Each structure stands twice: as structure tokens, then as C-alpha cells.
>>> print(open('input.cif').read())   # mmCIF, C-alpha atoms
data_entry
loop_
_atom_site.label_atom_id
_atom_site.label_comp_id
_atom_site.auth_asym_id
_atom_site.auth_seq_id
_atom_site.Cartn_x
_atom_site.Cartn_y
_atom_site.Cartn_z
CA MET A 287 110.49 78.77 84.04
CA VAL A 288 112.91 79.16 86.96
CA THR A 289 115.85 81.42 86.27
CA ASP A 290 118.99 82.38 88.15
CA ASP A 291 118.59 86.08 87.30
CA VAL A 292 117.61 87.24 90.80
CA ALA A 293 119.11 89.62 93.30
CA GLU A 294 121.78 88.55 95.75
CA PRO A 295 120.12 87.30 98.98
CA SER A 296 119.80 90.07 101.56
CA ASN A 297 120.63 89.70 105.26
CA GLU A 298 116.92 89.84 106.05
CA GLU A 299 116.18 87.07 103.57
CA LEU A 300 118.90 84.88 105.05
CA LYS A 301 117.53 85.54 108.53
CA ASP A 302 113.98 84.66 107.45
CA PHE A 303 115.20 81.51 105.73
CA ASP A 304 117.16 80.38 108.77
CA ARG A 305 114.24 80.93 111.13
CA TYR A 306 111.14 80.01 109.16
CA VAL A 307 112.55 77.20 107.03
CA GLY A 308 114.74 75.96 109.89
CA ASN A 309 111.83 75.72 112.32
CA TYR A 310 109.67 74.02 109.70
CA ALA A 311 112.44 71.48 109.06
CA VAL A 312 112.64 70.82 112.82
CA ALA A 313 108.88 70.21 112.91
CA VAL A 314 109.30 67.63 110.14
CA ALA A 315 112.28 66.06 111.92
CA THR A 316 110.31 65.83 115.18
CA GLN A 317 107.45 64.05 113.41
CA ALA A 318 109.90 61.77 111.60
CA LEU A 319 111.46 60.77 114.93
CA ALA A 320 108.00 60.03 116.32
CA ASP A 321 107.37 57.79 113.29
CA GLY A 322 110.56 55.83 113.92
CA LEU A 323 112.98 57.50 111.50
CA PRO A 324 116.41 58.00 113.13
CA VAL A 325 117.07 61.66 112.26
CA VAL A 326 120.44 62.72 113.69
CA ASP A 327 120.83 66.27 112.40
CA VAL A 328 119.06 69.19 110.71
CA ILE A 329 120.99 71.72 108.62
CA VAL A 330 119.72 74.76 106.72
CA GLY A 331 121.57 76.12 103.70
CA PRO A 332 120.23 79.58 102.80
CA PRO A 333 120.36 80.70 99.15
CA GLU A 334 123.65 82.17 97.96
CA ASP A 335 125.28 83.58 94.86
CA ILE A 336 127.66 81.16 93.15
CA GLY A 337 129.38 82.24 89.96
CA ASP A 338 126.81 83.72 87.60
CA GLY A 339 123.78 82.17 89.25
CA ARG A 340 121.96 81.66 92.50
CA GLU A 341 122.20 78.44 94.49
CA ASP A 342 118.83 77.28 95.81
CA GLY A 343 118.19 77.59 99.51
CA GLU A 344 117.56 74.20 101.10
CA ALA A 345 117.17 72.33 104.38
CA TRP A 346 118.37 68.78 105.04
CA LEU A 347 117.59 66.03 107.52
CA PHE A 348 120.40 63.49 107.98
CA PHE A 349 120.37 59.85 109.08
CA PRO A 350 122.96 57.55 110.73
CA ASN A 351 125.25 55.25 108.74
CA ASP A 352 123.34 52.06 109.54
CA PHE A 353 120.14 53.60 108.15
CA ASN A 354 121.95 54.64 104.98
CA SER A 355 123.63 51.27 104.49
CA GLY A 356 120.29 49.54 105.03
CA LEU A 357 119.09 51.34 101.90
CA GLY A 358 122.24 50.40 100.02
CA ALA A 359 123.57 53.96 100.06
CA ARG A 360 126.61 55.88 101.22
CA GLU A 361 124.32 58.67 102.37
CA CYS A 362 120.61 59.47 102.44
CA THR A 363 119.03 62.85 103.13
CA LEU A 364 115.50 64.16 103.35
CA GLY A 365 115.68 67.64 101.83
CA TRP A 366 113.55 70.73 101.27
CA ASN A 367 114.16 73.01 98.28
CA GLU A 368 112.95 76.62 98.13
CA ALA A 369 111.39 76.16 94.68
CA SER A 370 110.36 72.50 94.64
CA GLY A 371 109.60 71.34 98.18
CA TRP A 372 110.59 68.00 99.72
CA TYR A 373 112.68 65.24 98.20
CA PHE A 374 114.48 62.11 99.35
CA GLN A 375 118.05 61.83 98.11
CA ARG A 376 119.94 58.57 98.02
CA GLU A 377 123.55 58.10 96.96
CA PRO A 378 123.98 54.40 96.15
CA ALA A 379 127.45 52.92 96.33
CA GLU A 380 127.67 51.99 92.65
CA ARG A 381 125.12 54.26 90.97
CA SER A 382 124.61 57.97 90.45
CA LEU A 383 122.77 60.09 92.98
CA GLU A 384 118.97 59.65 93.01
CA ARG A 385 116.25 62.09 94.04
CA ARG A 386 112.58 61.30 94.47
CA TRP A 387 110.25 64.28 94.95
CA LEU A 388 107.27 64.31 97.26
CA GLY A 389 105.19 66.95 95.46
CA HIS A 390 102.18 68.24 97.46
CA GLY A 391 103.39 71.84 97.42
CA LEU A 392 106.08 73.74 99.31
CA VAL A 393 104.72 73.36 102.85
CA PRO A 394 103.02 69.97 103.25
CA ALA A 395 102.19 68.94 106.82
CA PRO A 396 105.08 67.31 108.71
CA ASP A 397 103.20 64.02 109.02
CA ARG A 398 102.79 63.88 105.23
CA VAL A 399 106.55 64.34 104.78
CA ALA A 400 107.31 61.69 107.41
CA ILE A 401 105.01 59.19 105.67
CA PHE A 402 106.86 59.89 102.42
CA ALA A 403 110.22 59.13 104.04
CA THR A 404 108.90 56.04 105.85
CA THR A 405 107.55 54.64 102.57
CA LEU A 406 110.91 55.21 100.91
CA GLN A 407 112.61 53.38 103.76
CA VAL A 408 110.57 50.28 102.90
CA ASN A 409 110.94 50.64 99.13
CA PRO A 410 113.18 53.49 97.96
CA ASP A 411 111.92 53.16 94.39
CA SER A 412 108.20 53.43 95.13
CA ALA A 413 107.28 56.76 96.71
CA GLY A 414 107.20 60.19 95.14
CA SER A 415 108.35 60.95 91.61
CA LEU A 416 111.63 61.30 89.75
CA GLU A 417 110.15 64.37 88.03
CA ARG A 418 111.00 67.58 89.87
CA PRO A 419 108.08 69.98 90.47
CA PHE A 420 108.40 73.77 90.57
CA TYR A 421 106.08 75.83 92.78
CA ARG A 422 107.75 79.24 92.72
CA SER A 423 110.62 81.17 91.17
CA LYS A 424 113.80 81.68 93.10
CA GLY A 425 114.09 84.86 95.07
CA ARG A 426 113.04 86.32 98.39
CA LEU A 427 110.56 84.23 100.36
CA GLU A 428 107.21 85.89 99.66
CA PRO A 429 105.01 87.07 102.58
CA GLU A 430 102.45 84.42 101.61
CA LEU A 431 105.04 81.65 101.99
CA LEU A 432 106.32 83.05 105.28
CA GLU A 433 102.73 83.10 106.53
CA ARG A 434 102.40 79.40 105.71
CA LEU A 435 105.67 78.67 107.53
CA LYS A 436 104.80 80.86 110.52
CA PRO A 437 102.80 78.18 112.44
CA TYR A 438 106.00 76.18 112.81
CA THR A 439 107.85 78.98 114.59
CA ILE A 440 107.67 79.26 118.37
CA PRO A 441 106.43 82.66 119.58
CA LYS A 442 108.79 84.48 121.95
CA ASP A 443 111.47 81.79 121.52
CA SER A 444 114.71 83.13 120.10
CA SER A 445 116.39 79.71 120.00
CA SER A 446 118.10 78.71 116.77
CA TYR A 447 116.66 75.82 114.80
CA GLN A 448 119.69 73.73 115.85
CA GLU A 449 118.84 74.29 119.52
CA LEU A 450 115.19 73.45 118.85
CA PHE A 451 116.17 70.21 117.13
CA THR A 452 118.53 69.21 119.94
CA ARG A 453 115.77 69.78 122.49
CA ALA A 454 113.23 67.87 120.38
CA ARG A 455 115.57 64.91 119.87
CA ASN A 456 116.56 64.80 123.54
CA ARG A 457 112.90 64.91 124.55
CA HIS A 458 112.00 62.16 122.08
CA PHE A 459 114.58 59.76 123.46
CA GLU A 460 113.89 60.74 127.07
CA HIS A 461 110.22 59.89 126.47
CA ARG A 462 111.17 56.53 124.94
CA LEU A 463 113.62 55.79 127.77
CA ALA A 464 111.09 56.68 130.47
CA THR A 465 108.34 54.66 128.75
CA THR A 466 110.57 51.59 128.41
CA ILE A 467 111.66 51.67 132.06
CA ALA A 468 108.22 52.57 133.44
CA ALA A 469 106.62 49.64 131.60
CA ASP A 470 108.51 47.47 134.11
CA PRO A 471 108.07 44.21 132.15
CA PRO A 472 108.31 41.00 134.24
CA GLY A 473 111.19 38.65 133.66
CA VAL A 474 114.49 37.41 134.95
CA PRO A 475 117.60 39.61 134.82
CA ILE A 476 119.57 39.37 131.56
CA ASN A 477 123.02 37.83 131.75
CA LEU A 478 125.29 40.18 129.78
CA PRO A 479 128.98 39.34 130.27
CA LEU A 480 131.22 42.39 129.96
CA LEU A 481 134.95 42.76 130.27
CA PRO A 482 136.06 45.30 132.91
CA GLY A 483 137.08 47.78 130.23
CA GLU A 484 133.73 47.38 128.46
CA TYR A 485 131.82 47.97 131.70
CA ALA A 486 133.89 51.09 132.37
CA ALA A 487 133.25 52.24 128.80
CA LEU A 488 129.49 51.75 129.31
CA GLU A 489 129.62 53.91 132.42
CA LEU A 490 131.57 56.59 130.56
CA ALA A 491 129.11 56.49 127.65
CA LEU A 492 126.15 56.95 130.00
CA GLU A 493 127.93 59.78 131.83
CA TRP A 494 128.73 61.46 128.50
CA LEU A 495 125.18 61.11 127.22
CA ASP A 496 123.69 62.25 130.51
CA GLY A 497 125.84 65.40 130.41
CA LEU A 498 124.82 66.19 126.82
CA VAL A 499 121.12 65.71 127.48
CA ASN A 500 120.80 67.22 130.94
CA HIS A 501 123.31 70.08 130.77
CA GLY A 502 121.74 72.96 132.66
CA TYR A 503 118.65 70.95 133.60
CA ASP A 504 117.36 68.98 136.57
CA GLN A 505 119.68 66.05 137.26
CA ARG A 506 116.97 63.74 138.66
CA GLY A 507 115.66 62.34 135.38
CA PRO A 508 115.51 58.68 134.29
CA LEU A 509 118.79 58.79 132.37
CA THR A 510 120.67 60.12 135.40
CA ALA A 511 119.08 57.48 137.63
CA PHE A 512 119.79 54.74 135.10
CA ALA A 513 123.48 55.72 134.88
CA ARG A 514 123.73 55.78 138.68
CA ASP A 515 122.07 52.36 139.00
CA ILE A 516 124.38 50.77 136.42
CA HIS A 517 127.37 52.08 138.39
CA LYS A 518 126.06 50.52 141.62
CA ARG A 519 125.49 47.11 140.06
CA ARG A 520 129.13 46.26 139.39
CA GLY A 521 129.70 42.90 141.02
CA ALA A 522 126.14 42.67 142.40
CA ASP A 523 123.99 39.53 142.24
CA ALA A 524 120.67 39.43 140.42
CA ALA A 525 118.93 39.32 143.79
CA ASP A 526 120.43 42.71 144.64
CA ILE A 527 118.96 44.56 141.64
CA ASP A 528 116.05 46.07 143.57
CA ALA A 529 118.53 47.65 145.98
CA SER A 530 120.04 49.66 143.11
CA ARG A 531 116.97 50.51 141.07
CA THR A 532 116.09 54.16 141.40
CA ASN A 533 115.38 54.50 137.66
CA LEU A 534 111.83 53.09 137.86
CA SER A 535 110.42 55.84 140.09
CA ALA A 536 112.39 58.50 138.18
CA ALA A 537 111.02 57.22 134.86
CA ARG A 538 107.42 57.16 136.08
CA ALA A 539 107.68 60.68 137.46
CA ARG A 540 109.24 62.05 134.28
CA LEU A 541 106.73 60.26 132.05
CA GLU A 542 103.88 61.82 134.03
CA GLU A 543 105.48 65.26 133.61
CA LEU A 544 105.99 64.76 129.87
CA ARG A 545 102.38 63.71 129.42
CA ARG A 546 101.21 66.79 131.33
CA GLN A 547 103.34 69.01 129.08
CA ASP A 548 101.95 67.32 125.97
CA ALA A 549 98.39 67.90 127.17
CA GLU A 550 99.13 71.58 127.82
CA LYS A 551 100.69 71.97 124.36
CA ARG A 552 97.67 70.35 122.70
CA GLY A 553 95.51 72.87 124.55
CA GLU A 554 97.65 75.77 123.37
CA ASP A 555 97.56 74.54 119.76
CA THR A 556 93.78 74.27 119.93
CA ASP A 557 93.47 77.85 121.22
CA ARG A 558 95.44 79.33 118.31
#
>>> encode(input="input.cif", output="C-alpha cells")
Amino acid sequence: MVTDDVAEPSNEELKDFDRYVGNYAVAVATQALADGLPVVDVIVGPPEDIGDGREDGEAWLFFPNDFNSGLGARECTLGWNEASGWYFQREPAERSLERRWLGHGLVPAPDRVAIFATTLQVNPDSAGSLERPFYRSKGRLEPELLERLKPYTIPKDSSSYQELFTRARNRHFEHRLATTIAADPPGVPINLPLLPGEYAALELALEWLDGLVNHGYDQRGPLTAFARDIHKRRGADAADIDASRTNLSAARARLEELRRQDAEKRGEDTDR
């Protein structure tokens, strides 16, 4: 039986929740991105006193509007609850809010959670259960639970979970961008008519995105090169494309670097 008769969350508890649960949620979000789920944000809501009871601490993964509408919902979230683990919440336009629970304990592996969400994307009424499980009573995160969450924290990294998610999402899309460009598929140039204002808007969008992704980092990546090449192609003929195509070499170089980093990380994970 879960009761609300617990002490007010301490500063230390809130700090632990933010770090351990936040980093675990980022690990799940990173795996979900790798599995093709368009996660756009991760937010942690630590437990808090409300009225005469205690509000559960939770973490939420959010999706874009087109993903939500594709499931016939105003909003969908993949959430983690401190007492019951993971659930998928859907708010249909003309029905009451729905929650389907994963089960499998409080700290299932990120790939298991991602599979749960992917299955729900195909058929939102098939995966998990409408019956909510309970794995622990509310209250301070026990040392045993923190120990299970600990592998998802990054030693000697004081970054917030929001910063970790931003880096993970940027890296995910940089990898996809570099892979797409480096594949260099054969074919004729695509004819894409754009009005002058639309072309200018495309340049601004790429400049904006490049600044968000590469702020404080090396400015020689594939996104920077791609934005520069698009700018040079205004008014050019298809035959002139190779003269303004620096993104291919930049993408290949970055993809090689990302693969090297992945290999090093796999080695570090094996050593632990």
C-alpha cells in the first residue's frame, strides 16, 4: 500500500533525483532516438509536497506535434514514476487521458523501454498494461535504487541532465547527417523550386541550427559545410554543384571521428 504520509523531500533527495533519475531518463531518450523515436525534450519533476500529500517524482520524454497527431492525440509522453516505473501517456482529442504501464521493475534497460514505446507507436492499445504496478513506497530514493541508477551517470561530469540530453540529441542528428551525406548516393540533382524569400529562410534556418549545435565547438563539421554550400549554390547550374560541395569531405571526416569515439566508449564500458 502506497501512502502519502512521508517526509517532505530534502535538498539532498531532490539533488539525487535530478542527477540519477535525470541521467537515466537521458539514457532512455538516447536509445529511443537511436530506435527512430523523435524525442525532443527530457524533463525531471522531483517529488514535492502538495496540500496534505506528496506528489510523485517523475521524469518525462516529450515528442513533436506530428508524432502526437499521428497517434490521434494532443500530446504523448513517455514517463517514469518513482513508485511504478515507466508508462506511456496519451491524451486523445476526444477521450480521457490514457496510461499504459511497461512493468519490468523500476530500472529496466533503456533498450527495453524504447521497444515498449516503439510498439505503442505502431499500436497504442497493444503494449504494456492499463494496470499500474507498484515497486516501492514513496519516499527518499533508497541506496539500493541509487546503485541501480548509478551506471547511467557519467563519472566526473557535472553537466545537468538537460545538457546531457542536448549533447546526445545533437550528436544523434550529426551522425545521421554525416552518414546521409557520406553515403554519396548516385543520381541527378533534385529540382526544388524556391521563392527568393524561401531560399533566404532556408539559409537562416541552417545558420540558426548550426549555431545551436556547434556553439563553442569546432566549426568545420558537416552541418557548417552544408550550410556554406547551400549559400554558394544560389543561382548555380547543376553542373556547378561539385564546385560548391565541401560537405562530403567534412561528413566523411566527422563520421570517422564519431565511429572512433563510439569504439572508445564501448571499450570503456567493457572495462567497468
>>> resolve_selection(input="input.cif", expression="the PyMOL selection byres ((chain A and resi 470) around 12)", output="list in words")
Leu463, Ala464, Thr465, Thr466, Ile467, Ala468, Ala469, Pro471, Pro472, Gly473, Val474, Arg531, Asn533, Leu534, Ser535, Ala537 and Arg538 of chain A
>>> write_last_selection(input="input.cif", atoms="C-alpha atoms", output="tab-separated table (two decimals), keeping the file's coordinate frame")
chain	number	residue	atom	x	y	z
A	463	LEU	CA	113.62	55.79	127.77
A	464	ALA	CA	111.09	56.68	130.47
A	465	THR	CA	108.34	54.66	128.75
A	466	THR	CA	110.57	51.59	128.41
A	467	ILE	CA	111.66	51.67	132.06
A	468	ALA	CA	108.22	52.57	133.44
A	469	ALA	CA	106.62	49.64	131.60
A	471	PRO	CA	108.07	44.21	132.15
A	472	PRO	CA	108.31	41.00	134.24
A	473	GLY	CA	111.19	38.65	133.66
A	474	VAL	CA	114.49	37.41	134.95
A	531	ARG	CA	116.97	50.51	141.07
A	533	ASN	CA	115.38	54.50	137.66
A	534	LEU	CA	111.83	53.09	137.86
A	535	SER	CA	110.42	55.84	140.09
A	537	ALA	CA	111.02	57.22	134.86
A	538	ARG	CA	107.42	57.16	136.08
>>> residues_around(input="input.cif", residues="Leu498 of chain A", least_positions_apart="5", cutoff="12 Å", atoms="all atoms listed in the file", output="number ranges by chain")
A: 452-453, 455-456, 491-493, 503, 505, 509-510
>>> resolve_selection(input="input.cif", expression="the PyMOL selection byres ((chain A and resi 399) around 9)", output="PyMOL selection string")
chain A and resi 314+317-318+372+388+394-398+400-404
>>> closest_residue(input="input.cif", among="A:Gly391, A:Pro350, A:Pro410, A:Gly497", to="Pro378 of chain A", atoms="all atoms listed in the file")
A:Pro410
>>> resolve_selection(input="input.cif", expression="the PyMOL selection byres ((chain A and resi 307) around 10)", output="PyMOL selection string")
chain A and resi 301-306+308-313+330-332+343-345+366-368+393+427+432+435-436+438-439+447
>>> residues_around(input="input.cif", residues="Leu495 of chain A", least_positions_apart="4", cutoff="12 Å", atoms="all atoms listed in the file", output="CSV table (one decimal) with C-alpha atoms, keeping the file's coordinate frame")
chain,number,residue,atom,x,y,z
A,456,ASN,CA,116.6,64.8,123.5
A,459,PHE,CA,114.6,59.8,123.5
A,460,GLU,CA,113.9,60.7,127.1
A,488,LEU,CA,129.5,51.8,129.3
A,489,GLU,CA,129.6,53.9,132.4
A,490,LEU,CA,131.6,56.6,130.6
A,491,ALA,CA,129.1,56.5,127.6
A,499,VAL,CA,121.1,65.7,127.5
A,500,ASN,CA,120.8,67.2,130.9
A,501,HIS,CA,123.3,70.1,130.8
A,509,LEU,CA,118.8,58.8,132.4
A,510,THR,CA,120.7,60.1,135.4
A,512,PHE,CA,119.8,54.7,135.1
A,513,ALA,CA,123.5,55.7,134.9
>>> atom_distance(input="input.cif", atom1="atom CA of Lys442 of chain A", atom2="atom CA of Arg540 of chain A")
25.6 Å
